[in-house]
file coords_12.pdb (PDB, C-alpha atoms)
ATOM      1  CA  MET A   1     -32.828  40.032 -18.655
ATOM      2  CA  PHE A   2     -30.534  37.571 -20.423
ATOM      3  CA  LYS A   3     -28.029  38.905 -22.907
ATOM      4  CA  LYS A   4     -25.526  37.127 -25.144
ATOM      5  CA  THR A   5     -22.693  39.092 -26.696
ATOM      6  CA  VAL A   6     -20.018  37.687 -28.996
ATOM      7  CA  LEU A   7     -16.664  39.071 -27.846
ATOM      8  CA  THR A   8     -14.456  37.234 -30.350
ATOM      9  CA  ALA A   9     -14.844  34.210 -32.588
ATOM     10  CA  ALA A  10     -13.869  32.003 -29.643
ATOM     11  CA  VAL A  11     -15.368  33.922 -26.724
ATOM     12  CA  ILE A  12     -19.016  34.282 -25.810
ATOM     13  CA  MET A  13     -20.265  36.209 -22.789
ATOM     14  CA  ILE A  14     -23.669  35.471 -21.355
ATOM     15  CA  SER A  15     -24.928  37.616 -18.483
ATOM     16  CA  SER A  16     -27.989  38.015 -16.352
ATOM     17  CA  THR A  17     -29.105  40.906 -14.174
ATOM     18  CA  ALA A  18     -31.489  38.688 -12.241
ATOM     19  CA  ALA A  19     -29.188  38.128  -9.290
ATOM     20  CA  GLN A  20     -30.648  35.782  -6.726
ATOM     21  CA  ALA A  21     -29.837  35.334  -3.058
ATOM     22  CA  GLU A  22     -27.014  32.975  -3.913
ATOM     23  CA  GLY A  23     -24.661  34.401  -6.488
ATOM     24  CA  PRO A  24     -24.663  35.759  -9.036
ATOM     25  CA  TYR A  25     -21.807  33.454  -9.948
ATOM     26  CA  ARG A  26     -19.419  33.998 -12.812
ATOM     27  CA  ILE A  27     -18.383  30.710 -14.375
ATOM     28  CA  GLY A  28     -15.948  30.231 -17.235
ATOM     29  CA  ILE A  29     -15.872  27.191 -19.507
ATOM     30  CA  THR A  30     -13.147  26.239 -21.963
ATOM     31  CA  GLN A  31     -14.269  23.529 -24.365
ATOM     32  CA  ASN A  32     -12.292  21.053 -26.426
ATOM     33  CA  ASN A  33     -13.338  21.707 -30.026
ATOM     34  CA  VAL A  34     -16.912  22.798 -30.680
ATOM     35  CA  GLY A  35     -16.564  22.705 -34.454
ATOM     36  CA  VAL A  36     -15.412  19.089 -34.672
ATOM     37  CA  ASP A  37     -18.807  17.421 -34.229
ATOM     38  CA  SER A  38     -22.463  18.070 -33.501
ATOM     39  CA  TYR A  39     -22.247  16.602 -29.978
ATOM     40  CA  GLN A  40     -20.050  19.470 -28.824
ATOM     41  CA  THR A  41     -22.172  22.027 -30.658
ATOM     42  CA  THR A  42     -25.306  20.727 -28.922
ATOM     43  CA  TYR A  43     -23.468  20.659 -25.572
ATOM     44  CA  GLU A  44     -22.579  24.346 -25.926
ATOM     45  CA  SER A  45     -26.178  25.347 -26.712
ATOM     46  CA  ALA A  46     -27.493  23.263 -23.814
ATOM     47  CA  PHE A  47     -24.941  24.791 -21.436
ATOM     48  CA  GLU A  48     -25.981  28.307 -22.419
ATOM     49  CA  ALA A  49     -29.671  27.412 -22.020
ATOM     50  CA  ALA A  50     -29.062  25.892 -18.589
ATOM     51  CA  ALA A  51     -27.248  29.034 -17.446
ATOM     52  CA  GLU A  52     -30.107  31.190 -18.693
ATOM     53  CA  ARG A  53     -32.628  29.131 -16.709
ATOM     54  CA  GLU A  54     -30.593  29.566 -13.529
ATOM     55  CA  GLY A  55     -30.977  33.327 -13.764
ATOM     56  CA  ASN A  56     -28.087  34.064 -11.386
ATOM     57  CA  VAL A  57     -25.176  32.848 -13.497
ATOM     58  CA  ASP A  58     -22.868  34.825 -15.783
ATOM     59  CA  ILE A  59     -20.855  32.534 -18.060
ATOM     60  CA  VAL A  60     -17.842  33.028 -20.281
ATOM     61  CA  VAL A  61     -17.822  30.359 -22.997
ATOM     62  CA  LEU A  62     -14.521  29.611 -24.739
ATOM     63  CA  ASP A  63     -13.539  27.095 -27.405
ATOM     64  CA  ALA A  64      -9.960  25.799 -27.602
ATOM     65  CA  GLY A  65     -10.440  24.525 -31.141
ATOM     66  CA  GLY A  66      -8.605  21.323 -30.233
ATOM     67  CA  ASP A  67      -5.416  23.291 -29.473
ATOM     68  CA  VAL A  68      -3.824  22.477 -26.102
ATOM     69  CA  ALA A  69      -1.745  25.668 -26.009
ATOM     70  CA  ARG A  70      -4.823  27.738 -26.766
ATOM     71  CA  GLN A  71      -6.756  26.035 -23.974
ATOM     72  CA  ILE A  72      -3.971  26.661 -21.479
ATOM     73  CA  GLY A  73      -4.044  30.329 -22.489
ATOM     74  CA  GLN A  74      -7.819  30.398 -21.981
ATOM     75  CA  MET A  75      -7.412  28.897 -18.515
ATOM     76  CA  GLN A  76      -4.913  31.624 -17.641
ATOM     77  CA  ASP A  77      -7.277  34.308 -18.961
ATOM     78  CA  LEU A  78     -10.112  32.977 -16.793
ATOM     79  CA  ILE A  79      -7.843  32.931 -13.753
ATOM     80  CA  GLN A  80      -6.895  36.563 -14.403
ATOM     81  CA  GLN A  81     -10.585  37.437 -14.711
ATOM     82  CA  ARG A  82     -11.120  35.931 -11.229
ATOM     83  CA  VAL A  83     -14.146  33.897 -12.250
ATOM     84  CA  ASP A  84     -15.843  31.996  -9.421
ATOM     85  CA  ALA A  85     -15.332  28.606 -11.053
ATOM     86  CA  ILE A  86     -13.845  27.120 -14.212
ATOM     87  CA  ILE A  87     -15.242  24.209 -16.203
ATOM     88  CA  ILE A  88     -12.778  22.564 -18.583
ATOM     89  CA  TRP A  89     -13.423  20.040 -21.334
ATOM     90  CA  PRO A  90      -9.766  19.047 -21.694
ATOM     91  CA  THR A  91      -8.067  18.876 -25.067
ATOM     92  CA  ASN A  92      -5.374  16.710 -23.491
ATOM     93  CA  GLY A  93      -5.777  15.127 -20.071
ATOM     94  CA  GLN A  94      -2.091  15.426 -19.183
ATOM     95  CA  ALA A  95      -1.009  18.708 -20.742
ATOM     96  CA  VAL A  96      -3.697  20.825 -19.028
ATOM     97  CA  ILE A  97      -2.718  19.808 -15.486
ATOM     98  CA  PRO A  98      -0.333  22.761 -14.835
ATOM     99  CA  ALA A  99      -3.069  25.240 -15.791
ATOM    100  CA  ILE A 100      -5.577  23.445 -13.572
ATOM    101  CA  ARG A 101      -3.076  23.522 -10.723
ATOM    102  CA  GLN A 102      -2.627  27.248 -11.295
ATOM    103  CA  ALA A 103      -6.386  27.804 -10.944
ATOM    104  CA  HIS A 104      -6.478  25.636  -7.827
ATOM    105  CA  ASN A 105      -3.649  27.644  -6.268
ATOM    106  CA  ALA A 106      -5.551  30.833  -7.077
ATOM    107  CA  GLY A 107      -8.533  29.534  -5.109
ATOM    108  CA  ILE A 108     -10.723  28.926  -8.147
ATOM    109  CA  PRO A 109     -12.483  25.528  -8.156
ATOM    110  CA  VAL A 110     -12.095  23.578 -11.399
ATOM    111  CA  ILE A 111     -14.734  21.157 -12.680
ATOM    112  CA  VAL A 112     -13.621  18.811 -15.450
ATOM    113  CA  THR A 113     -16.393  17.950 -17.888
ATOM    114  CA  ASN A 114     -16.942  15.050 -20.325
ATOM    115  CA  SER A 115     -13.362  13.755 -20.540
ATOM    116  CA  LYS A 116     -11.232  13.015 -17.491
ATOM    117  CA  ILE A 117      -7.734  14.348 -16.927
ATOM    118  CA  ALA A 118      -4.728  12.232 -15.931
ATOM    119  CA  GLU A 119      -4.697  10.906 -12.393
ATOM    120  CA  ALA A 120      -1.821  13.198 -11.416
ATOM    121  CA  GLY A 121      -4.140  16.192 -11.722
ATOM    122  CA  LEU A 122      -7.110  14.904  -9.741
ATOM    123  CA  GLU A 123      -5.947  16.513  -6.494
ATOM    124  CA  TYR A 124      -6.317  19.943  -8.127
ATOM    125  CA  ILE A 125      -9.930  19.613  -9.294
ATOM    126  CA  ALA A 126     -13.118  20.094  -7.305
ATOM    127  CA  ALA A 127     -15.050  17.451  -9.264
ATOM    128  CA  PHE A 128     -15.512  15.612 -12.547
ATOM    129  CA  SER A 129     -18.847  15.507 -14.351
ATOM    130  CA  GLY A 130     -19.518  13.344 -17.391
ATOM    131  CA  PRO A 131     -19.890   9.848 -18.783
ATOM    132  CA  ASP A 132     -17.927   6.832 -17.578
ATOM    133  CA  ASN A 133     -15.997   6.281 -20.789
ATOM    134  CA  VAL A 134     -14.324   3.078 -19.623
ATOM    135  CA  GLN A 135     -17.751   1.584 -18.921
ATOM    136  CA  GLN A 136     -18.913   2.684 -22.365
ATOM    137  CA  GLY A 137     -16.078   0.675 -23.863
ATOM    138  CA  VAL A 138     -16.978  -2.283 -21.665
ATOM    139  CA  SER A 139     -20.620  -2.135 -22.744
ATOM    140  CA  SER A 140     -19.620  -1.892 -26.407
ATOM    141  CA  ALA A 141     -17.399  -4.963 -26.079
ATOM    142  CA  GLU A 142     -20.275  -6.900 -24.550
ATOM    143  CA  MET A 143     -22.512  -5.962 -27.471
ATOM    144  CA  MET A 144     -19.804  -7.036 -29.920
ATOM    145  CA  CYS A 145     -19.456 -10.400 -28.157
ATOM    146  CA  ASP A 146     -23.219 -10.936 -28.292
ATOM    147  CA  ALA A 147     -23.479  -9.912 -31.933
ATOM    148  CA  LEU A 148     -20.616 -12.171 -33.082
ATOM    149  CA  GLY A 149     -21.446 -15.119 -30.857
ATOM    150  CA  GLY A 150     -18.002 -14.956 -29.262
ATOM    151  CA  GLU A 151     -15.892 -15.442 -32.396
ATOM    152  CA  GLY A 152     -14.642 -13.283 -35.253
ATOM    153  CA  GLN A 153     -12.141 -10.754 -36.553
ATOM    154  CA  ILE A 154     -12.688  -7.065 -35.886
ATOM    155  CA  VAL A 155     -11.069  -3.662 -36.294
ATOM    156  CA  GLN A 156     -11.325  -0.534 -34.163
ATOM    157  CA  ILE A 157     -11.590   3.116 -35.171
ATOM    158  CA  ALA A 158     -10.580   5.162 -32.138
ATOM    159  CA  GLY A 159     -11.013   8.849 -31.398
ATOM    160  CA  GLN A 160      -8.376  11.557 -31.230
ATOM    161  CA  PRO A 161      -4.916  10.257 -30.181
ATOM    162  CA  GLY A 162      -3.897  11.408 -26.690
ATOM    163  CA  TYR A 163      -7.477  12.380 -25.825
ATOM    164  CA  THR A 164      -8.631  10.802 -22.560
ATOM    165  CA  THR A 165     -12.116   9.867 -23.795
ATOM    166  CA  ALA A 166     -10.643   8.031 -26.785
ATOM    167  CA  MET A 167      -8.110   6.187 -24.647
ATOM    168  CA  GLU A 168     -10.638   5.181 -21.992
ATOM    169  CA  ARG A 169     -13.220   3.903 -24.451
ATOM    170  CA  ALA A 170     -10.542   1.899 -26.267
ATOM    171  CA  LYS A 171      -9.159   0.463 -23.027
ATOM    172  CA  GLY A 172     -12.592  -0.472 -21.684
ATOM    173  CA  PHE A 173     -13.430  -2.143 -24.981
ATOM    174  CA  GLU A 174     -10.148  -4.009 -25.397
ATOM    175  CA  ASP A 175      -9.959  -5.252 -21.798
ATOM    176  CA  ARG A 176     -13.549  -6.470 -21.709
ATOM    177  CA  LEU A 177     -13.307  -8.026 -25.181
ATOM    178  CA  ALA A 178     -10.288 -10.117 -24.158
ATOM    179  CA  GLU A 179     -12.063 -11.185 -20.971
ATOM    180  CA  ALA A 180     -15.557 -11.860 -22.311
ATOM    181  CA  CYS A 181     -14.819 -13.342 -25.743
ATOM    182  CA  PRO A 182     -11.192 -14.311 -26.342
ATOM    183  CA  GLY A 183     -12.327 -15.867 -29.623
ATOM    184  CA  VAL A 184     -12.791 -12.396 -31.103
ATOM    185  CA  GLU A 185      -9.523 -11.057 -32.523
ATOM    186  CA  LEU A 186      -8.896  -7.316 -32.641
ATOM    187  CA  MET A 187      -6.705  -7.119 -35.732
ATOM    188  CA  GLU A 188      -5.921  -3.391 -35.829
ATOM    189  CA  THR A 189      -6.799   0.001 -34.361
ATOM    190  CA  GLN A 190      -6.491   3.324 -36.190
ATOM    191  CA  PRO A 191      -7.627   6.829 -35.141
ATOM    192  CA  GLY A 192     -10.625   8.444 -36.798
ATOM    193  CA  ASN A 193     -10.236  11.706 -34.858
ATOM    194  CA  TRP A 194     -14.017  11.892 -34.189
ATOM    195  CA  ASN A 195     -14.479  12.722 -37.887
ATOM    196  CA  ARG A 196     -16.817  10.812 -40.217
ATOM    197  CA  GLU A 197     -14.835  11.411 -43.404
ATOM    198  CA  ARG A 198     -11.549  10.443 -41.724
ATOM    199  CA  ALA A 199     -13.142   7.279 -40.348
ATOM    200  CA  GLN A 200     -14.477   6.410 -43.781
ATOM    201  CA  ARG A 201     -10.959   6.626 -45.224
ATOM    202  CA  VAL A 202      -9.602   4.486 -42.372
ATOM    203  CA  MET A 203     -12.262   1.862 -43.044
ATOM    204  CA  GLU A 204     -11.535   1.914 -46.754
ATOM    205  CA  ASP A 205      -7.924   1.058 -45.911
ATOM    206  CA  PHE A 206      -9.060  -1.738 -43.568
ATOM    207  CA  LEU A 207     -11.275  -3.196 -46.295
ATOM    208  CA  THR A 208      -8.359  -3.203 -48.731
ATOM    209  CA  LYS A 209      -6.039  -4.789 -46.181
ATOM    210  CA  TYR A 210      -8.350  -7.455 -44.728
ATOM    211  CA  ASP A 211     -10.407  -9.888 -46.784
ATOM    212  CA  ARG A 212     -12.425 -10.738 -43.695
ATOM    213  CA  ILE A 213     -13.803  -8.214 -41.205
ATOM    214  CA  ASP A 214     -16.646  -9.404 -38.996
ATOM    215  CA  GLY A 215     -17.053  -6.324 -36.855
ATOM    216  CA  VAL A 216     -16.069  -2.670 -36.414
ATOM    217  CA  TYR A 217     -15.983  -0.831 -33.107
ATOM    218  CA  SER A 218     -15.875   2.973 -33.356
ATOM    219  CA  GLY A 219     -15.364   5.483 -30.558
ATOM    220  CA  ASP A 220     -18.576   7.263 -31.560
ATOM    221  CA  ASP A 221     -21.360   6.878 -34.120
ATOM    222  CA  ASN A 222     -20.068   9.725 -36.235
ATOM    223  CA  MET A 223     -17.020   7.593 -37.032
ATOM    224  CA  GLY A 224     -19.080   4.398 -37.010
ATOM    225  CA  VAL A 225     -21.327   5.656 -39.796
ATOM    226  CA  GLY A 226     -18.237   6.705 -41.727
ATOM    227  CA  ALA A 227     -17.076   3.093 -41.481
ATOM    228  CA  LEU A 228     -20.525   1.882 -42.519
ATOM    229  CA  ASN A 229     -20.467   4.136 -45.579
ATOM    230  CA  ALA A 230     -17.086   2.740 -46.607
ATOM    231  CA  ALA A 231     -18.349  -0.829 -46.250
ATOM    232  CA  LYS A 232     -21.438   0.020 -48.288
ATOM    233  CA  GLY A 233     -19.219   1.438 -51.016
ATOM    234  CA  ALA A 234     -17.262  -1.823 -51.091
ATOM    235  CA  ASP A 235     -20.472  -3.902 -51.007
ATOM    236  CA  ARG A 236     -19.378  -5.544 -47.741
ATOM    237  CA  ALA A 237     -21.646  -3.888 -45.168
ATOM    238  CA  ALA A 238     -24.039  -6.847 -44.906
ATOM    239  CA  ASP A 239     -21.214  -9.060 -43.593
ATOM    240  CA  ILE A 240     -20.018  -6.663 -40.860
ATOM    241  CA  ILE A 241     -21.338  -5.780 -37.394
ATOM    242  CA  PHE A 242     -21.055  -2.053 -36.603
ATOM    243  CA  ILE A 243     -20.986  -0.873 -32.982
ATOM    244  CA  GLY A 244     -20.202   2.600 -31.657
ATOM    245  CA  ALA A 245     -20.143   4.607 -28.458
ATOM    246  CA  THR A 246     -22.128   7.851 -28.122
ATOM    247  CA  ASN A 247     -25.261   7.472 -30.187
ATOM    248  CA  PHE A 248     -25.610  10.155 -32.863
ATOM    249  CA  ALA A 249     -28.755  10.693 -34.933
ATOM    250  CA  VAL A 250     -27.079   9.037 -37.920
ATOM    251  CA  GLY A 251     -26.314   5.988 -35.773
ATOM    252  CA  TYR A 252     -29.832   5.909 -34.375
ATOM    253  CA  ASP A 253     -31.247   5.940 -37.904
ATOM    254  CA  ALA A 254     -28.830   3.248 -39.038
ATOM    255  CA  ILE A 255     -29.921   1.027 -36.133
ATOM    256  CA  ALA A 256     -33.543   1.605 -37.152
ATOM    257  CA  ARG A 257     -32.688   0.550 -40.717
ATOM    258  CA  GLY A 258     -30.978  -2.612 -39.469
ATOM    259  CA  GLU A 259     -27.567  -1.550 -40.808
ATOM    260  CA  TYR A 260     -25.927  -0.819 -37.442
ATOM    261  CA  TYR A 261     -26.023  -3.192 -34.486
ATOM    262  CA  GLY A 262     -25.771  -0.920 -31.459
ATOM    263  CA  SER A 263     -24.318   2.020 -29.602
ATOM    264  CA  ILE A 264     -24.188   3.785 -26.230
ATOM    265  CA  TYR A 265     -26.837   6.407 -25.509
ATOM    266  CA  GLN A 266     -25.187   9.601 -24.276
ATOM    267  CA  SER A 267     -26.947  12.943 -24.191
ATOM    268  CA  PRO A 268     -24.911  16.156 -24.689
ATOM    269  CA  VAL A 269     -27.778  18.000 -22.992
ATOM    270  CA  ASP A 270     -27.432  15.822 -19.874
ATOM    271  CA  ASP A 271     -23.663  16.292 -20.106
ATOM    272  CA  ALA A 272     -23.865  20.089 -20.219
ATOM    273  CA  GLU A 273     -26.547  20.418 -17.549
ATOM    274  CA  ALA A 274     -24.663  18.081 -15.221
ATOM    275  CA  ALA A 275     -21.453  20.108 -15.627
ATOM    276  CA  LEU A 276     -23.147  23.389 -14.756
ATOM    277  CA  GLN A 277     -25.028  21.865 -11.826
ATOM    278  CA  THR A 278     -21.822  20.325 -10.487
ATOM    279  CA  ALA A 279     -20.122  23.728 -10.629
ATOM    280  CA  LEU A 280     -23.057  25.368  -8.818
ATOM    281  CA  ASP A 281     -23.051  22.631  -6.169
ATOM    282  CA  VAL A 282     -19.337  23.175  -5.583
ATOM    283  CA  LEU A 283     -19.820  26.939  -5.264
ATOM    284  CA  ALA A 284     -22.708  26.394  -2.847
ATOM    285  CA  GLY A 285     -20.498  24.223  -0.656
ATOM    286  CA  GLU A 286     -22.503  21.065  -1.268
ATOM    287  CA  ASP A 287     -20.960  17.723  -0.325
ATOM    288  CA  ILE A 288     -20.691  15.977  -3.711
ATOM    289  CA  PRO A 289     -18.618  13.049  -4.992
ATOM    290  CA  LYS A 290     -15.319  13.752  -6.723
ATOM    291  CA  MET A 291     -16.450  11.725  -9.741
ATOM    292  CA  ASN A 292     -19.989  12.338 -11.014
ATOM    293  CA  PHE A 293     -21.146  10.048 -13.839
ATOM    294  CA  PHE A 294     -24.473  10.156 -15.638
ATOM    295  CA  ASP A 295     -26.089   7.013 -17.054
ATOM    296  CA  THR A 296     -25.158   5.879 -20.581
ATOM    297  CA  PRO A 297     -27.116   2.692 -21.438
ATOM    298  CA  LYS A 298     -26.690   0.312 -24.361
ATOM    299  CA  ILE A 299     -28.974   0.936 -27.328
ATOM    300  CA  THR A 300     -29.833  -1.666 -29.998
ATOM    301  CA  ALA A 301     -32.796  -2.415 -32.257
ATOM    302  CA  GLU A 302     -34.402  -4.281 -29.345
ATOM    303  CA  ASN A 303     -34.767  -1.194 -27.145
ATOM    304  CA  LEU A 304     -34.497   1.618 -29.722
ATOM    305  CA  GLU A 305     -38.045   2.840 -29.118
ATOM    306  CA  GLU A 306     -37.237   3.520 -25.446
ATOM    307  CA  PHE A 307     -34.906   6.365 -26.487
ATOM    308  CA  ASP A 308     -35.500   9.649 -28.255
ATOM    309  CA  ARG A 309     -33.648  10.193 -31.506
ATOM    310  CA  PRO A 310     -30.579  12.320 -30.713
ATOM    311  CA  VAL A 311     -30.728  15.931 -31.814
ATOM    312  CA  PHE A 312     -27.076  15.895 -32.841
TER     313      PHE A 312
END
call {"tool": "encode", "arguments": {"input": "coords_12.pdb", "output": "structure tokens"}}
result
Amino acid sequence: MFKKTVLTAAVIMISSTAAQAEGPYRIGITQNNVGVDSYQTTYESAFEAAAEREGNVDIVVLDAGGDVARQIGQMQDLIQQRVDAIIIWPTNGQAVIPAIRQAHNAGIPVIVTNSKIAEAGLEYIAAFSGPDNVQQGVSSAEMMCDALGGEGQIVQIAGQPGYTTAMERAKGFEDRLAEACPGVELMETQPGNWNRERAQRVMEDFLTKYDRIDGVYSGDDNMGVGALNAAKGADRAADIIFIGATNFAVGYDAIARGEYYGSIYQSPVDDAEAALQTALDVLAGEDIPKMNFFDTPKITAENLEEFDRPVF
């Protein structure tokens, strides 16, 4: 029997009485900010579904709401509950290290999901599971170079400041851009905070400031479509190449319409399932790599039909 009970607005308990030979395990997860975008919402649902299929896993699902202090408190609560393992989607890759170290010292393995923590904390985690965000930035830069023919002026709309995923995607993009096509000038970067409306306002400012913009790189398609909407409103979209990382349904549709050049295909379902499986492998004593990346290929109009439309 699988039962889901809401304990508070931020806490969900899922339990199963179908204990198998191994386990049952009790695993806690503290997420970054489920309400900020549909990727994280889909991830949470997929994580719960994966735990239900296992049949021998009790999970405590928490949401930090983007608040570092709240996430640290959730980590401490999970440690006090003596869960078997903790999965953390870090709100800030540096600030959460003391809490991760506390769990490590308490003998509770910690699996970091989706967004890496700072290098100083790696000795305290059992494993990382998620996308290679630096490589996503690299791939996006290569698409931008191809689309512009090696020359042009572009702007960047990054994710949440201080958030590891945002920093890694930006670094991968900027480093590869300078190496692969030095004729493309990155004029300015501003944060869009993973929010479509915020990104649209950022792009509106860019369009006012720059008479010429040949391309826009956004940290995900949610922000990328916000930028596209701003350019449409200014009647300048036809002159601009739009590229994002993490393909959302709105980005997929925009590629199909020919309004959006390309993105990086990343599944929140794969992300969630990989995190849970990594935690179970750690608890089972399996010999697994410290860093576990799942594949995130480039997606453009040329190969769009090879990929399912995202559900988020």
call {"tool": "residues_around", "arguments": {"input": "coords_12.pdb", "residues": "A:Tyr163", "least_positions_apart": "2", "cutoff": "12 Å", "atoms": "all atoms listed in the file", "output": "JSON, numbers by chain"}}
result
{"A": [32, 33, 66, 67, 68, 89, 90, 91, 92, 93, 94, 95, 96, 114, 115, 116, 117, 118, 133, 158, 159, 160, 161, 165, 166, 167, 168, 169, 170, 191, 193, 194, 219]}
call {"tool": "closest_residue", "arguments": {"input": "coords_12.pdb", "among": "A:Pro131, A:Gly215, A:Pro109, A:Gly233", "to": "A:Gly152", "atoms": "all atoms listed in the file"}}
result
A:Gly215
call {"tool": "atom_distance", "arguments": {"input": "coords_12.pdb", "atom1": "atom CA of A:Asp211", "atom2": "atom CA of A:Gly251"}}
result
25.0 Å
call {"tool": "residues_around", "arguments": {"input": "coords_12.pdb", "residues": "A:Tyr252", "least_positions_apart": "6", "cutoff": "8 Å", "atoms": "only C-alpha atoms", "output": "list in words"}}
result
Leu304, Arg309 and Pro310 of chain A
call {"tool": "resolve_selection", "arguments": {"input": "coords_12.pdb", "expression": "the PyMOL selection byres ((chain A and resi 39) around 8)", "output": "VMD selection string"}}
result
chain A and resid 37 to 38 40 to 43 248 268 312
call {"tool": "write_last_selection", "arguments": {"input": "coords_12.pdb", "atoms": "C-alpha atoms", "output": "short mmCIF file (atom, residue, chain, number, x, y, z; two decimals), in the coordinates of the input"}}
result
data_model
loop_
_atom_site.label_atom_id
_atom_site.label_comp_id
_atom_site.auth_asym_id
_atom_site.auth_seq_id
_atom_site.Cartn_x
_atom_site.Cartn_y
_atom_site.Cartn_z
CA ASP A 37 -18.81 17.42 -34.23
CA SER A 38 -22.46 18.07 -33.50
CA GLN A 40 -20.05 19.47 -28.82
CA THR A 41 -22.17 22.03 -30.66
CA THR A 42 -25.31 20.73 -28.92
CA TYR A 43 -23.47 20.66 -25.57
CA PHE A 248 -25.61 10.15 -32.86
CA PRO A 268 -24.91 16.16 -24.69
CA PHE A 312 -27.08 15.90 -32.84
#
call {"tool": "residues_around", "arguments": {"input": "coords_12.pdb", "residues": "A:Asp281", "least_positions_apart": "5", "cutoff": "12 Å", "atoms": "all atoms listed in the file", "output": "PyMOL selection string"}}
result
chain A and resi 22-23+25+85+109+111+126-127+129+274-276+286-290+292
call {"tool": "resolve_selection", "arguments": {"input": "coords_12.pdb", "expression": "the PyMOL selection byres ((chain A and resi 213) around 12)", "output": "PyMOL selection string"}}
result
chain A and resi 148+151-156+184-188+203-212+214-217+227+231+236-242
call {"tool": "write_last_selection", "arguments": {"input": "coords_12.pdb", "atoms": "C-alpha atoms", "output": "short mmCIF file (atom, residue, chain, number, x, y, z; two decimals), in the coordinates of the input"}}
result
data_model
loop_
_atom_site.label_atom_id
_atom_site.label_comp_id
_atom_site.auth_asym_id
_atom_site.auth_seq_id
_atom_site.Cartn_x
_atom_site.Cartn_y
_atom_site.Cartn_z
CA LEU A 148 -20.62 -12.17 -33.08
CA GLU A 151 -15.89 -15.44 -32.40
CA GLY A 152 -14.64 -13.28 -35.25
CA GLN A 153 -12.14 -10.75 -36.55
CA ILE A 154 -12.69 -7.06 -35.89
CA VAL A 155 -11.07 -3.66 -36.29
CA GLN A 156 -11.32 -0.53 -34.16
CA VAL A 184 -12.79 -12.40 -31.10
CA GLU A 185 -9.52 -11.06 -32.52
CA LEU A 186 -8.90 -7.32 -32.64
CA MET A 187 -6.70 -7.12 -35.73
CA GLU A 188 -5.92 -3.39 -35.83
CA MET A 203 -12.26 1.86 -43.04
CA GLU A 204 -11.54 1.91 -46.75
CA ASP A 205 -7.92 1.06 -45.91
CA PHE A 206 -9.06 -1.74 -43.57
CA LEU A 207 -11.28 -3.20 -46.30
CA THR A 208 -8.36 -3.20 -48.73
CA LYS A 209 -6.04 -4.79 -46.18
CA TYR A 210 -8.35 -7.46 -44.73
CA ASP A 211 -10.41 -9.89 -46.78
CA ARG A 212 -12.42 -10.74 -43.70
CA ASP A 214 -16.65 -9.40 -39.00
CA GLY A 215 -17.05 -6.32 -36.85
CA VAL A 216 -16.07 -2.67 -36.41
CA TYR A 217 -15.98 -0.83 -33.11
CA ALA A 227 -17.08 3.09 -41.48
CA ALA A 231 -18.35 -0.83 -46.25
CA ARG A 236 -19.38 -5.54 -47.74
CA ALA A 237 -21.65 -3.89 -45.17
CA ALA A 238 -24.04 -6.85 -44.91
CA ASP A 239 -21.21 -9.06 -43.59
CA ILE A 240 -20.02 -6.66 -40.86
CA ILE A 241 -21.34 -5.78 -37.39
CA PHE A 242 -21.06 -2.05 -36.60
#
call {"tool": "axis_aligned_box", "arguments": {"input": "coords_12.pdb", "around": "stretch 203-218 of chain A", "padding_each_side": "4 Å", "output": "JSON"}}
result
{"center_x": -11.5, "center_y": -3.9, "center_z": -40.9, "size_x": 19.0, "size_y": 21.7, "size_z": 23.6}
call {"tool": "atom_distance", "arguments": {"input": "coords_12.pdb", "atom1": "atom CA of A:Ala51", "atom2": "atom CA of A:Gln277"}}
result
9.4 Å
call {"tool": "atom_distance", "arguments": {"input": "coords_12.pdb", "atom1": "atom CA of A:Tyr260", "atom2": "atom CA of A:Ala46"}}
result
27.7 Å
call {"tool": "closest_residue", "arguments": {"input": "coords_12.pdb", "among": "A:Glu142, A:Glu123, A:Glu48, A:Asp221", "to": "A:Asn105", "atoms": "only C-alpha atoms"}}
result
A:Glu123
call {"tool": "resolve_selection", "arguments": {"input": "coords_12.pdb", "expression": "the PyMOL selection byres ((chain A and resi 30) around 7)", "output": "PDB file with C-alpha atoms, in the coordinates of the input"}}
result
ATOM      1  CA  GLY A  28     -15.948  30.231 -17.235  1.00  0.00           C
ATOM      2  CA  ILE A  29     -15.872  27.191 -19.507  1.00  0.00           C
ATOM      3  CA  GLN A  31     -14.269  23.529 -24.365  1.00  0.00           C
ATOM      4  CA  ASN A  32     -12.292  21.053 -26.426  1.00  0.00           C
ATOM      5  CA  VAL A  61     -17.822  30.359 -22.997  1.00  0.00           C
ATOM      6  CA  LEU A  62     -14.521  29.611 -24.739  1.00  0.00           C
ATOM      7  CA  ASP A  63     -13.539  27.095 -27.405  1.00  0.00           C
ATOM      8  CA  ALA A  64      -9.960  25.799 -27.602  1.00  0.00           C
ATOM      9  CA  GLN A  71      -6.756  26.035 -23.974  1.00  0.00           C
ATOM     10  CA  GLN A  74      -7.819  30.398 -21.981  1.00  0.00           C
ATOM     11  CA  ILE A  87     -15.242  24.209 -16.203  1.00  0.00           C
ATOM     12  CA  ILE A  88     -12.778  22.564 -18.583  1.00  0.00           C
ATOM     13  CA  TRP A  89     -13.423  20.040 -21.334  1.00  0.00           C
TER      14      TRP A  89
END
call {"tool": "closest_residue", "arguments": {"input": "coords_12.pdb", "among": "A:Ile86, A:Ala141, A:Val36, A:Ile59", "to": "A:Val282", "atoms": "only C-alpha atoms"}}
result
A:Ile86
call {"tool": "closest_residue", "arguments": {"input": "coords_12.pdb", "among": "A:Pro98, A:Pro182, A:Ile125, A:Pro24", "to": "A:Glu52", "atoms": "only C-alpha atoms"}}
result
A:Pro24
